[in-house]
Amino acid sequence: MVQKVHKKSKSQKKNEASTIHSKVVKEFLNEEGLEPDLDKTEMDTDDEELELEELVFGSNRKKNLHTSLHTESKNEKKLDVESNDDLGFFIDTKMEGEEDDGMITETVDPTLPAWEDDDELVVNINDKARLRKLKKDFNESVVSGKEYEERLRTQYEKMNPTPSWAKVTEGQQDMLFQTTQPLISTKRPIVNPEKFDIIRMKNANQQAYSQCVIQAIGFHPTAPVMFTAGLDKTLRLFQIDGKENPKIQNFFIKDMPIYSANFSSTGSQVILTGRRTVFYTLDLESGEMLKINQIRGRTEKSYERSYVSPCNKYIAILGRDGYIILLSMKTKQWVANLKMNVPVVAIAFSSKNQLWSLGSEGSVYQWNLDTKQCLHRFADEGCVKATTIAVSNSDEFIAIGSQSGVVNVYEMDTVLKSDFPAPIKAIMNLTTAITTLVFHPSSDILAIASNELKDSLRLFHLSTKRIVLNWPTSNTPLGYVSTVAFSHDGRFFGIGNDKGKVLLYRLEAYV
């Protein structure tokens, strides 16, 4: 059977060739990862027909076209790299899993030094006299740079050996980083009682002296501020800088001479008491003076001896017949009574929310302020008539003054274990009744004073258990010392006297 072959026209052949051309070009472009540019015009008709004919009839035109397109693609990539270099950065067009062609990647070890000195460096140690001490042999003259460094290091360690306190064994080093305790020592500063370094400053109240005996002075617990108060019914505030000490303000109370004044532990109030059945509180923020009437249920006619607790919860006032009246710092109302078996002459608060009261014949009571119960009592050794008591800020020591001028200093651990403890020191440098006992904030110095004899003031150093010898001198203008106080940071020491002045001193050991 003879099949009839239909002959295709020239236009049909042209369309088929054009379709084949488009498919081939798209395959080549897809293989090279390129997108066809639809905006470009097609090649001239004659050239296109020639190219299609070569593709249809098996010419090597296809191979040449692939080569041309591949070369063009490489040239474009090269141009992109060069343009990136011109921009100062490189755009990575590599696909994931694709390897760089012809690119060398160098891996740098970050632990290696940036550079190394030349080992061939030599030093002539015979050239200069100061280097000859590095010679190990008399005829030696030249050493390498590395050897020169080792010999310098050895010579330095020989002349400056490591102190014993800086030597840390391996076990100690491990323990050092297993604790959160401070690495810097918090020991008390070294004080020499034979040469106590104390410098007099301008008087604290030089811009407004009192017109009477200074009855009370106090340093603010956080700010450089001091108050003075006395029988002239005036409370004065000063800013303490040691140079000018400018006055801040005066507060006059027309119906009460001031016998006792205390900052609250927060420093926001001043509690003022006197020989009246009322007392006053001054709010330092608003400047308002508040009058508190007679304490309900009490018949005392005088509130002249008052104290403020460190916890800022209580105001304590000494009453009659051994009573200690506790008031709320917040409401200024009665909270509780503590009762001794003998008349109470003085009290002192400790930092452990406890109160220590001193009876007239030398008995001492320890009170818990939470339960209002007596925890312990003991008798002051050799005391006939007690006058004042003080407890150190660290709760390490307790001091008791007497009418005879003797001050007994006890260790707190000893006091709590015995009803008749022995003092670690009996201070007998004064001969009149002790009216003032104040511990330094560091608990390293105890100030002792009497207002019955002129210039009766001494400083006792607790670490060495000795009186400071070089101060006060015969030229120190103390007068009759009525009260003393240390600043909260321990740098300043104020002394009030009968002339209405407050002497101010700077303790150099605590600056």
# chains A, B, ... in the order shown; residues from 1 in each chain; ligands from 1

call {"tool": "select_by_dssp", "arguments": {"residues": "segment 277-314 of chain A", "states": "strand (DSSP E)", "output": "VMD selection string"}}
result
chain A and resid 279 to 283 288 to 292 306 to 308 314

call {"tool": "residues_around", "arguments": {"residues": "segment 448-450 of chain A", "least_positions_apart": "6", "cutoff": "7 Å", "atoms": "only C-alpha atoms", "output": "mmCIF file with all heavy atoms, in the first residue's frame"}}
result
data_model
loop_
_atom_site.group_PDB
_atom_site.id
_atom_site.type_symbol
_atom_site.label_atom_id
_atom_site.label_comp_id
_atom_site.auth_asym_id
_atom_site.auth_seq_id
_atom_site.Cartn_x
_atom_site.Cartn_y
_atom_site.Cartn_z
ATOM 1 N N THR A 432 34.835 62.510 138.140
ATOM 2 C CA THR A 432 33.475 62.991 138.426
ATOM 3 C C THR A 432 32.459 62.114 137.697
ATOM 4 O O THR A 432 32.828 61.268 136.875
ATOM 5 C CB THR A 432 33.309 64.457 137.995
ATOM 6 O OG1 THR A 432 33.681 64.588 136.619
ATOM 7 C CG2 THR A 432 34.187 65.368 138.836
ATOM 8 N N ALA A 433 31.189 62.318 137.997
ATOM 9 C CA ALA A 433 30.124 61.457 137.473
ATOM 10 C C ALA A 433 30.133 61.445 135.946
ATOM 11 O O ALA A 433 30.218 62.494 135.284
ATOM 12 C CB ALA A 433 28.776 61.947 137.992
ATOM 13 N N ILE A 434 30.035 60.260 135.381
ATOM 14 C CA ILE A 434 30.011 60.095 133.926
ATOM 15 C C ILE A 434 28.605 60.436 133.432
ATOM 16 O O ILE A 434 27.619 59.812 133.850
ATOM 17 C CB ILE A 434 30.377 58.654 133.534
ATOM 18 C CG1 ILE A 434 31.736 58.264 134.116
ATOM 19 C CG2 ILE A 434 30.366 58.507 132.021
ATOM 20 C CD1 ILE A 434 32.886 59.108 133.647
ATOM 21 N N THR A 435 28.514 61.427 132.566
ATOM 22 C CA THR A 435 27.210 61.851 132.050
ATOM 23 C C THR A 435 27.021 61.491 130.573
ATOM 24 O O THR A 435 25.886 61.528 130.086
ATOM 25 C CB THR A 435 27.040 63.365 132.219
ATOM 26 O OG1 THR A 435 28.149 64.037 131.604
ATOM 27 C CG2 THR A 435 26.990 63.733 133.701
ATOM 28 N N THR A 436 28.097 61.144 129.883
ATOM 29 C CA THR A 436 27.990 60.850 128.448
ATOM 30 C C THR A 436 28.866 59.657 128.097
ATOM 31 O O THR A 436 30.065 59.637 128.443
ATOM 32 C CB THR A 436 28.411 62.064 127.584
ATOM 33 O OG1 THR A 436 27.595 63.183 127.942
ATOM 34 C CG2 THR A 436 28.242 61.764 126.107
ATOM 35 N N LEU A 437 28.266 58.671 127.411
ATOM 36 C CA LEU A 437 28.992 57.547 126.840
ATOM 37 C C LEU A 437 28.465 57.338 125.419
ATOM 38 O O LEU A 437 27.268 57.109 125.224
ATOM 39 C CB LEU A 437 28.767 56.263 127.649
ATOM 40 C CG LEU A 437 29.488 56.120 128.992
ATOM 41 C CD1 LEU A 437 29.066 54.819 129.671
ATOM 42 C CD2 LEU A 437 30.991 56.138 128.810
ATOM 43 N N VAL A 438 29.353 57.408 124.426
ATOM 44 C CA VAL A 438 28.938 57.259 123.028
ATOM 45 C C VAL A 438 29.990 56.433 122.302
ATOM 46 O O VAL A 438 31.189 56.750 122.354
ATOM 47 C CB VAL A 438 28.763 58.624 122.324
ATOM 48 C CG1 VAL A 438 28.373 58.417 120.858
ATOM 49 C CG2 VAL A 438 27.717 59.464 123.042
ATOM 50 N N SER A 456 36.610 67.580 130.891
ATOM 51 C CA SER A 456 36.515 66.149 131.253
ATOM 52 C C SER A 456 35.984 65.358 130.053
ATOM 53 O O SER A 456 34.772 65.106 129.935
ATOM 54 C CB SER A 456 35.607 65.965 132.472
ATOM 55 O OG SER A 456 36.178 66.562 133.603
ATOM 56 N N LEU A 457 36.880 64.999 129.174
ATOM 57 C CA LEU A 457 36.550 64.197 127.994
ATOM 58 C C LEU A 457 37.725 63.306 127.657
ATOM 59 O O LEU A 457 38.876 63.758 127.629
ATOM 60 C CB LEU A 457 36.224 65.097 126.799
ATOM 61 C CG LEU A 457 36.013 64.385 125.454
ATOM 62 C CD1 LEU A 457 34.761 63.520 125.483
ATOM 63 C CD2 LEU A 457 35.925 65.384 124.315
ATOM 64 N N ARG A 458 37.439 62.036 127.409
ATOM 65 C CA ARG A 458 38.490 61.098 127.021
ATOM 66 C C ARG A 458 37.951 60.187 125.900
ATOM 67 O O ARG A 458 36.756 59.921 125.809
ATOM 68 C CB ARG A 458 38.929 60.221 128.215
ATOM 69 C CG ARG A 458 39.569 60.981 129.347
ATOM 70 C CD ARG A 458 40.917 61.579 128.972
ATOM 71 N NE ARG A 458 41.540 62.241 130.117
ATOM 72 C CZ ARG A 458 41.367 63.528 130.437
ATOM 73 N NH1 ARG A 458 40.532 64.275 129.719
ATOM 74 N NH2 ARG A 458 41.979 64.047 131.477
ATOM 75 N N LEU A 459 38.903 59.703 125.097
ATOM 76 C CA LEU A 459 38.591 58.724 124.059
ATOM 77 C C LEU A 459 39.297 57.427 124.406
ATOM 78 O O LEU A 459 40.501 57.416 124.674
ATOM 79 C CB LEU A 459 39.041 59.224 122.677
ATOM 80 C CG LEU A 459 38.354 60.482 122.136
ATOM 81 C CD1 LEU A 459 38.901 60.828 120.752
ATOM 82 C CD2 LEU A 459 36.845 60.302 122.084
ATOM 83 N N VAL A 481 31.835 69.838 129.075
ATOM 84 C CA VAL A 481 31.249 69.041 127.983
ATOM 85 C C VAL A 481 29.873 68.546 128.412
ATOM 86 O O VAL A 481 29.735 67.810 129.408
ATOM 87 C CB VAL A 481 32.161 67.856 127.616
ATOM 88 C CG1 VAL A 481 31.506 67.009 126.526
ATOM 89 C CG2 VAL A 481 33.524 68.370 127.149
#

call {"tool": "atom_distance", "arguments": {"atom1": "atom CA of Ala223 of chain A", "atom2": "atom CA of Phe263 of chain A"}}
result
11.6 Å

call {"tool": "atom_distance", "arguments": {"atom1": "atom CA of Ser360 of chain A", "atom2": "atom CA of Thr388 of chain A"}}
result
9.3 Å

call {"tool": "residues_around", "arguments": {"residues": "segment 267-273 of chain A", "least_positions_apart": "5", "cutoff": "6 Å", "atoms": "only C-alpha atoms", "output": "PyMOL selection string"}}
result
chain A and resi 220-221+258+260-262+279-284+303-304

call {"tool": "atom_distance", "arguments": {"atom1": "atom CA of Ile315 of chain A", "atom2": "atom CA of Phe349 of chain A"}}
result
10.8 Å

call {"tool": "closest_residue", "arguments": {"among": "A:Ala379, A:Ala348, A:Ile295, A:Ala229", "to": "Val335 of chain A", "atoms": "only C-alpha atoms"}}
result
A:Ile295
